[in-house]
Amino acid sequence: MKHTLAILVENKPGVLTRVAGLFSRRGFNIESLAVGVTENADTSRITIVVSGDDHVLEQVEKQLNKLIDVIRVSDIPPDESVSRELALIKVGVDSTTRAEVMQIVDVFRAKIVDVGIKSLVIEVTGDEGKINAMEQLLRHFGIKEMVRTGKIAMNRGAKVVQVEKR
Amino acid sequence: MTKQKMPGARAVIESLYCEDVEVLFGYPGGQVLPLYDELYDADIRHILVRHEQAAAHAADGFARATGKVGVCLATSGPGATNLVTGIATAYMDSVPIVAITGQVPRSLIGNDAFQEANITGITLPITKHNYLVQDTKDIPRIFKEAFYIARTGRPGPVLIDIPKDTQIEVIDFEYPEKIELRGYKPTYAGNEQQVKKAASLILKAEKPIFYVGGGIIFSNATEELRALAEGIMAPVTTTLMGMSAFPSAHSLSVGMLGMHGTRYANYAVQESDLIIAVGVRFDDRVTGKISAFAPNAKIIHIDIDPAEIGKNVRVDVPIVGDAKNVLKTLLKYVKLEQVKTDAWNKKIAAWKKEFPLTYKKDKLLRPQFVVEQISEICPDAIVVTEVGQNQMWAAQFFNFRNPRTFISSGGLGTMGYGFPAAMGAKVGKPESTVIDIAGDGSFQMNSQELATVVQNDIPVIVAILNNGFLGMVRQWQELFFNRRYSQTCLESSVDFVKLAEAYGALGLRATKKNDVKDVIEEAVKSGRPTVIDFVVEKEENVSPMVPAGAAINEILDLE
Ligand SMILES: Cc1ncc(C[n+]2csc(CCOP(=O)(O)OP(=O)(O)O)c2C)c(N)n1
Ligand SMILES: [Mg+2]
């Protein structure tokens, strides 16, 4: 069972090491990880996808909360949230395949961000499934290079993950 | 407070004053020279150890004996890495210490500079929190936070790494009054609804038992525990960390549970219908085979660390909070006339009678006898232990009466802990008799501290139960490896009396039962640091024993 956790942390050096170190030490598996600053400059948000049953998830949350630099941990339920990943994919093309690739890009509402004589760089955003599907298709044309971000996620509607006001 | 200009090193000393630190255990070196220069005329007692590991253990022993934060100090690189075992020991047993280390100057960090070690990285998994001073003006805030984090919530070690150049750089010193830690807010009061639920379970129970540990001692909840146990007439079993949380001789005490617990404690847990677990963590040495642990019991788990609740066993009523607070609230809700534990207590009394904790009482000098004698002659002593059989015999045969009188490395099981921890305990509690019940193996891991106790006049007594073996390991080899004593015989043997004398301490020896009382009395009377070599039976075993992985009622009695 996969869970997406939004972890608000102090925006300070070394905090990511503490979080990642905790996962390795306690034997929890990180499937994906993304970090960036939030609406407050002193707070960063780490999005981690972790796999495990409810017991594992409970331990992950509790252990994370013990870290002094962790301000808040929330589980983002998939059906009440939007989530995105971004990938850059460099595909080899020639005059015969170029059009076909561009068609796929269109269907997926992806973007071509660089055009070369023998290659295209495609930018695609979406949930994990969409990016996987796109990758599958493009494999037929030969993927020369691919880079993917970790997943980021946000609750739908008015619900927010933020530092509790005191 | 007005701001004063001063170098970082001075700011460290001022911060220590603000935290009422009276004693430091430490060892100097290149990257803490500015700090040691400030210490030269500071109003803080510095105890020069002979190995940094001992400084950390001494700070730990000081903390456990007094309830205050213990402080140790070491230089960068090897000084800092020598602290690691001591920090890990404190971490596993939730002991509040602050460890201060020197670091190479900021401009050299990351260059593999001389005596550079990434000590904040190394201690990440064994500290509650740690700091590298990156900006000199953060020193006061960091110290304020470090002491606060160490002693509040579930206590634990905090390390502060201070680059040499920040010790020299001048700042405006102002000790903060408030602490702002957005991510750290321990829960002290138990949820009232949960406490009510617990109370109703307690009133329904026919076979309740208290299973209590270090949390009772750290939160000073021994009186509340006693009032509640006596109120509902429920037996009390303690973990190793909880020894001394409840008087050993109390009629409701069933002693220690788990691997070397009493038969009656383990039977009582297995047969109970309600476990009231307070300040414990269901460690594998306690529960044995977890799936067979207390099969008929509902469990109330009270702990200040939410992460411990539900970690190892399923819990019926979780209560996050400070043991003292929660027990106090619980007392309010438990109506005492309703308890129905008579039959249960009779059953336990019968077990106690049938399966007493005992040993062979013949002419030979057996280690258990030594512990009993120490208990008789020094009933109010603070007992510190090493690790191994000595530790188990101390827990089993000393008659504990007051909290904070049993100090032992429970979680990490660190050989060499006892002697320096005893030193720290004695510094914190100079009026108490402090005795390290030691093994001949463990003592040799930090025996160099004899120099420290002599130089600083810290009259602790080391009672070596000298069996010529790494006894606990030998016991396992006897039981599970066909008596193949691979590398557990110490034979050699050191003359511990001469060793003590070489350092200027008093050395005594007992080889017969008859000598025991005399040497203990002589040691106490001498008022000097003393090593007593009790030459005991070599192949005595700790009994009873639950083999690792067995259910705790599958008990072996050993000769
Ligand atoms: C630092 C360290 N190394 C190894 C061990 C493993 N160990 C546990 S008990 C023990 C034997 C201890 O011997 P001794 O101090 O003589 O005590 P005894 O069991 O004989 O009373 C050993 C080696 C340990 N606990 N700590
Ligand atoms: Mg021994």
# chains A, B, ... in the order shown; residues from 1 in each chain; ligands from 1
call {"tool": "interface_residues", "arguments": {"of": "chain B", "to": "chain A", "cutoff": "9 Å", "atoms": "only C-alpha atoms", "output": "short mmCIF file (atom, residue, chain, number, x, y, z; two decimals) with N, CA, C and O atoms, in the first residue's frame"}}
result
data_model
loop_
_atom_site.label_atom_id
_atom_site.label_comp_id
_atom_site.auth_asym_id
_atom_site.auth_seq_id
_atom_site.Cartn_x
_atom_site.Cartn_y
_atom_site.Cartn_z
N GLY B 121 26.85 14.16 11.86
CA GLY B 121 26.39 13.07 10.98
C GLY B 121 26.44 11.73 11.70
O GLY B 121 25.50 10.95 11.67
N LEU B 124 23.68 11.36 14.34
CA LEU B 124 22.30 11.62 13.91
C LEU B 124 21.33 10.56 14.45
O LEU B 124 20.30 10.90 15.04
N PRO B 125 21.65 9.27 14.28
CA PRO B 125 20.68 8.28 14.76
C PRO B 125 20.75 7.97 16.25
O PRO B 125 19.98 7.16 16.74
N LYS B 128 18.81 12.74 20.40
CA LYS B 128 17.45 13.25 20.24
C LYS B 128 17.48 14.40 19.24
O LYS B 128 16.56 14.57 18.44
N HIS B 129 18.57 15.17 19.29
CA HIS B 129 18.77 16.23 18.32
C HIS B 129 20.24 16.62 18.39
O HIS B 129 20.89 16.37 19.40
N ILE B 149 15.52 20.49 25.10
CA ILE B 149 15.18 19.26 24.38
C ILE B 149 15.66 18.04 25.17
O ILE B 149 14.96 17.03 25.27
N LEU B 181 10.26 26.40 19.26
CA LEU B 181 10.49 25.21 18.45
C LEU B 181 9.15 24.76 17.91
O LEU B 181 8.35 24.16 18.62
N ARG B 182 8.93 25.09 16.64
CA ARG B 182 7.61 24.81 16.07
C ARG B 182 7.33 23.31 16.02
O ARG B 182 6.19 22.88 16.06
N GLY B 183 8.41 22.53 15.89
CA GLY B 183 8.22 21.10 15.67
C GLY B 183 8.37 20.26 16.93
O GLY B 183 8.51 19.05 16.86
N TYR B 184 8.39 20.90 18.10
CA TYR B 184 8.63 20.13 19.32
C TYR B 184 7.72 20.58 20.44
O TYR B 184 7.95 21.62 21.04
N ASP B 305 6.11 9.13 24.88
CA ASP B 305 6.52 9.08 23.48
C ASP B 305 5.46 8.35 22.66
O ASP B 305 5.34 7.14 22.74
N PRO B 306 4.68 9.10 21.86
CA PRO B 306 3.61 8.45 21.11
C PRO B 306 4.13 7.32 20.21
O PRO B 306 3.41 6.37 19.93
N ALA B 307 5.37 7.44 19.77
CA ALA B 307 5.90 6.44 18.84
C ALA B 307 6.11 5.08 19.51
O ALA B 307 6.22 4.07 18.84
N GLU B 308 6.18 5.05 20.84
CA GLU B 308 6.34 3.76 21.52
C GLU B 308 5.02 3.02 21.65
O GLU B 308 4.99 1.82 21.87
N GLY B 310 1.95 1.17 20.58
CA GLY B 310 1.55 0.42 19.40
C GLY B 310 2.72 0.01 18.52
O GLY B 310 2.52 -0.53 17.45
N LYS B 311 3.96 0.26 18.96
CA LYS B 311 5.12 -0.11 18.14
C LYS B 311 5.31 -1.62 18.11
O LYS B 311 5.49 -2.20 17.05
#
call {"tool": "residues_around", "arguments": {"residues": "A:Met134", "least_positions_apart": "6", "cutoff": "9 Å", "atoms": "only C-alpha atoms", "output": "PyMOL selection string"}}
result
chain A and resi 104-105+108+124
call {"tool": "write_last_selection", "arguments": {"atoms": "C-alpha atoms", "output": "short mmCIF file (atom, residue, chain, number, x, y, z; two decimals), in the first residue's frame"}}
result
data_model
loop_
_atom_site.label_atom_id
_atom_site.label_comp_id
_atom_site.auth_asym_id
_atom_site.auth_seq_id
_atom_site.Cartn_x
_atom_site.Cartn_y
_atom_site.Cartn_z
CA ILE A 104 1.81 11.30 -29.02
CA VAL A 105 3.01 14.48 -27.38
CA PHE A 108 -0.77 13.49 -23.82
CA VAL A 124 5.35 15.90 -19.51
#
call {"tool": "residues_around", "arguments": {"residues": "A:Glu145", "least_positions_apart": "3", "cutoff": "8 Å", "atoms": "only C-alpha atoms", "output": "MDAnalysis selection string"}}
result
chainID A and resid 89:91
call {"tool": "write_last_selection", "arguments": {"atoms": "C-alpha atoms", "output": "compact mmCIF listing (two decimals), in the first residue's frame"}}
result
# COMPACT_ATOMS: atom_id res chain seq x y z
CA ILE A 89 12.33 12.66 -21.90
CA LYS A 90 14.81 12.81 -24.75
CA VAL A 91 13.61 10.66 -27.64
call {"tool": "residues_around", "arguments": {"residues": "stretch 30-40 of chain A", "least_positions_apart": "3", "cutoff": "9 Å", "atoms": "only C-alpha atoms", "output": "VMD selection string"}}
result
chain A and resid 2 8 11 16 20 23 to 24 43 to 51 149 to 152
call {"tool": "select_by_dssp", "arguments": {"residues": "stretch 4-156 of chain A", "states": "helix (DSSP H, G or I)", "output": "count of residues only"}}
result
49
call {"tool": "residues_around", "arguments": {"residues": "A:Arg156", "least_positions_apart": "6", "cutoff": "9 Å", "atoms": "only C-alpha atoms", "output": "JSON, numbers by chain"}}
result
{"A": [80, 81, 82]}
call {"tool": "select_by_dssp", "arguments": {"residues": "chain A", "states": "strand (DSSP E)", "output": "VMD selection string"}}
result
chain A and resid 2 to 10 29 to 37 43 to 51 70 to 76 81 to 92 111 to 115 119 to 126 143 to 148 152 to 155
call {"tool": "write_last_selection", "arguments": {"atoms": "C-alpha atoms", "output": "PDB file, in the first residue's frame"}}
result
ATOM      1  CA  LYS A   2       1.440   3.358  -1.030  1.00  0.00           C
ATOM      2  CA  HIS A   3       0.994   6.536   0.946  1.00  0.00           C
ATOM      3  CA  THR A   4       1.882  10.084   0.088  1.00  0.00           C
ATOM      4  CA  LEU A   5       3.080  12.145   3.024  1.00  0.00           C
ATOM      5  CA  ALA A   6       3.432  15.898   3.097  1.00  0.00           C
ATOM      6  CA  ILE A   7       6.069  16.816   5.672  1.00  0.00           C
ATOM      7  CA  LEU A   8       6.540  20.424   6.697  1.00  0.00           C
ATOM      8  CA  VAL A   9      10.041  21.013   8.011  1.00  0.00           C
ATOM      9  CA  GLU A  10      12.271  23.867   9.085  1.00  0.00           C
ATOM     10  CA  ASN A  29      11.164   2.475   1.977  1.00  0.00           C
ATOM     11  CA  ILE A  30      11.116   5.765   0.122  1.00  0.00           C
ATOM     12  CA  GLU A  31       9.513   5.330  -3.296  1.00  0.00           C
ATOM     13  CA  SER A  32       9.769   8.945  -4.296  1.00  0.00           C
ATOM     14  CA  LEU A  33      10.845  12.200  -2.757  1.00  0.00           C
ATOM     15  CA  ALA A  34      10.480  15.874  -3.626  1.00  0.00           C
ATOM     16  CA  VAL A  35      11.522  18.918  -1.644  1.00  0.00           C
ATOM     17  CA  GLY A  36      10.923  22.600  -2.041  1.00  0.00           C
ATOM     18  CA  VAL A  37      10.197  25.744  -0.139  1.00  0.00           C
ATOM     19  CA  THR A  43       9.382  26.283   5.907  1.00  0.00           C
ATOM     20  CA  SER A  44      10.087  23.554   3.378  1.00  0.00           C
ATOM     21  CA  ARG A  45       7.758  20.822   2.275  1.00  0.00           C
ATOM     22  CA  ILE A  46       8.967  17.323   1.640  1.00  0.00           C
ATOM     23  CA  THR A  47       6.651  15.013  -0.239  1.00  0.00           C
ATOM     24  CA  ILE A  48       7.486  11.382   0.302  1.00  0.00           C
ATOM     25  CA  VAL A  49       5.805   8.341  -1.141  1.00  0.00           C
ATOM     26  CA  VAL A  50       6.244   5.414   1.202  1.00  0.00           C
ATOM     27  CA  SER A  51       4.995   1.866   0.895  1.00  0.00           C
ATOM     28  CA  VAL A  70       9.665  18.312  11.524  1.00  0.00           C
ATOM     29  CA  ILE A  71       6.740  20.642  12.076  1.00  0.00           C
ATOM     30  CA  ARG A  72       3.878  18.664  10.647  1.00  0.00           C
ATOM     31  CA  VAL A  73       3.209  15.377   8.879  1.00  0.00           C
ATOM     32  CA  SER A  74       0.019  14.759   6.902  1.00  0.00           C
ATOM     33  CA  ASP A  75      -1.123  11.813   4.892  1.00  0.00           C
ATOM     34  CA  ILE A  76      -2.504  12.992   1.561  1.00  0.00           C
ATOM     35  CA  SER A  81      -6.013  15.236  -3.732  1.00  0.00           C
ATOM     36  CA  VAL A  82      -4.231  16.162  -6.905  1.00  0.00           C
ATOM     37  CA  SER A  83      -0.744  14.923  -7.509  1.00  0.00           C
ATOM     38  CA  ARG A  84       1.825  15.608 -10.176  1.00  0.00           C
ATOM     39  CA  GLU A  85       5.173  14.465 -11.391  1.00  0.00           C
ATOM     40  CA  LEU A  86       7.228  15.984 -14.132  1.00  0.00           C
ATOM     41  CA  ALA A  87       9.485  14.197 -16.551  1.00  0.00           C
ATOM     42  CA  LEU A  88      11.880  15.305 -19.252  1.00  0.00           C
ATOM     43  CA  ILE A  89      12.328  12.663 -21.902  1.00  0.00           C
ATOM     44  CA  LYS A  90      14.812  12.807 -24.753  1.00  0.00           C
ATOM     45  CA  VAL A  91      13.614  10.656 -27.642  1.00  0.00           C
ATOM     46  CA  GLY A  92      15.608   9.755 -30.709  1.00  0.00           C
ATOM     47  CA  LYS A 111       5.275  19.743 -24.632  1.00  0.00           C
ATOM     48  CA  ILE A 112       8.263  19.655 -26.861  1.00  0.00           C
ATOM     49  CA  VAL A 113      10.805  21.895 -25.238  1.00  0.00           C
ATOM     50  CA  ASP A 114      13.821  21.248 -27.447  1.00  0.00           C
ATOM     51  CA  VAL A 115      14.109  20.153 -31.036  1.00  0.00           C
ATOM     52  CA  SER A 119      16.129  14.087 -31.057  1.00  0.00           C
ATOM     53  CA  LEU A 120      13.313  15.802 -29.233  1.00  0.00           C
ATOM     54  CA  VAL A 121      13.106  16.745 -25.573  1.00  0.00           C
ATOM     55  CA  ILE A 122       9.616  16.258 -24.235  1.00  0.00           C
ATOM     56  CA  GLU A 123       8.256  17.719 -21.041  1.00  0.00           C
ATOM     57  CA  VAL A 124       5.348  15.902 -19.507  1.00  0.00           C
ATOM     58  CA  THR A 125       3.477  16.548 -16.299  1.00  0.00           C
ATOM     59  CA  GLY A 126       0.802  14.436 -14.759  1.00  0.00           C
ATOM     60  CA  ILE A 143      14.463   6.913 -25.137  1.00  0.00           C
ATOM     61  CA  LYS A 144      17.983   8.325 -24.947  1.00  0.00           C
ATOM     62  CA  GLU A 145      17.636   9.941 -21.573  1.00  0.00           C
ATOM     63  CA  MET A 146      14.960  10.455 -18.991  1.00  0.00           C
ATOM     64  CA  VAL A 147      14.729  12.426 -15.762  1.00  0.00           C
ATOM     65  CA  ARG A 148      11.740  12.435 -13.422  1.00  0.00           C
ATOM     66  CA  ILE A 152       4.153  16.385  -5.271  1.00  0.00           C
ATOM     67  CA  ALA A 153       0.598  16.422  -3.983  1.00  0.00           C
ATOM     68  CA  MET A 154      -2.023  18.765  -2.577  1.00  0.00           C
ATOM     69  CA  ASN A 155      -5.447  18.272  -1.032  1.00  0.00           C
TER      70      ASN A 155
END
call {"tool": "residues_near_ligand", "arguments": {"ligand": "ligand 2", "cutoff": "6 Å", "atoms": "only C-alpha atoms and all ligand atoms", "output": "NGL selection string"}}
result
:B and (439-441 or 466-471)
call {"tool": "write_last_selection", "arguments": {"atoms": "N, CA, C and O atoms", "output": "short mmCIF file (atom, residue, chain, number, x, y, z; two decimals), in the first residue's frame"}}
result
data_model
loop_
_atom_site.label_atom_id
_atom_site.label_comp_id
_atom_site.auth_asym_id
_atom_site.auth_seq_id
_atom_site.Cartn_x
_atom_site.Cartn_y
_atom_site.Cartn_z
N GLY B 439 31.55 -6.70 36.55
CA GLY B 439 32.13 -7.96 36.10
C GLY B 439 33.60 -7.71 35.84
O GLY B 439 34.01 -6.57 35.58
N ASP B 440 34.39 -8.78 35.88
CA ASP B 440 35.82 -8.61 35.65
C ASP B 440 36.10 -8.18 34.21
O ASP B 440 37.05 -7.46 33.94
N GLY B 441 35.25 -8.60 33.29
CA GLY B 441 35.41 -8.19 31.90
C GLY B 441 35.06 -6.72 31.73
O GLY B 441 35.85 -5.92 31.23
N ASN B 466 34.16 -11.35 40.36
CA ASN B 466 35.21 -11.85 39.48
C ASN B 466 35.06 -13.35 39.26
O ASN B 466 35.44 -14.16 40.09
N ASN B 467 34.52 -13.70 38.10
CA ASN B 467 34.33 -15.11 37.77
C ASN B 467 35.32 -15.60 36.71
O ASN B 467 35.24 -16.72 36.23
N GLY B 468 36.24 -14.72 36.31
CA GLY B 468 37.25 -15.15 35.35
C GLY B 468 36.70 -15.39 33.96
O GLY B 468 37.38 -15.91 33.08
N PHE B 469 35.47 -15.01 33.76
CA PHE B 469 34.82 -15.24 32.47
C PHE B 469 34.05 -14.01 32.01
O PHE B 469 33.64 -13.18 32.84
N LEU B 470 33.86 -13.92 30.73
CA LEU B 470 32.80 -13.07 30.20
C LEU B 470 31.53 -13.89 30.45
O LEU B 470 31.03 -14.60 29.58
N GLY B 471 31.09 -13.80 31.68
CA GLY B 471 30.18 -14.80 32.22
C GLY B 471 28.89 -14.97 31.45
O GLY B 471 28.43 -16.09 31.21
#
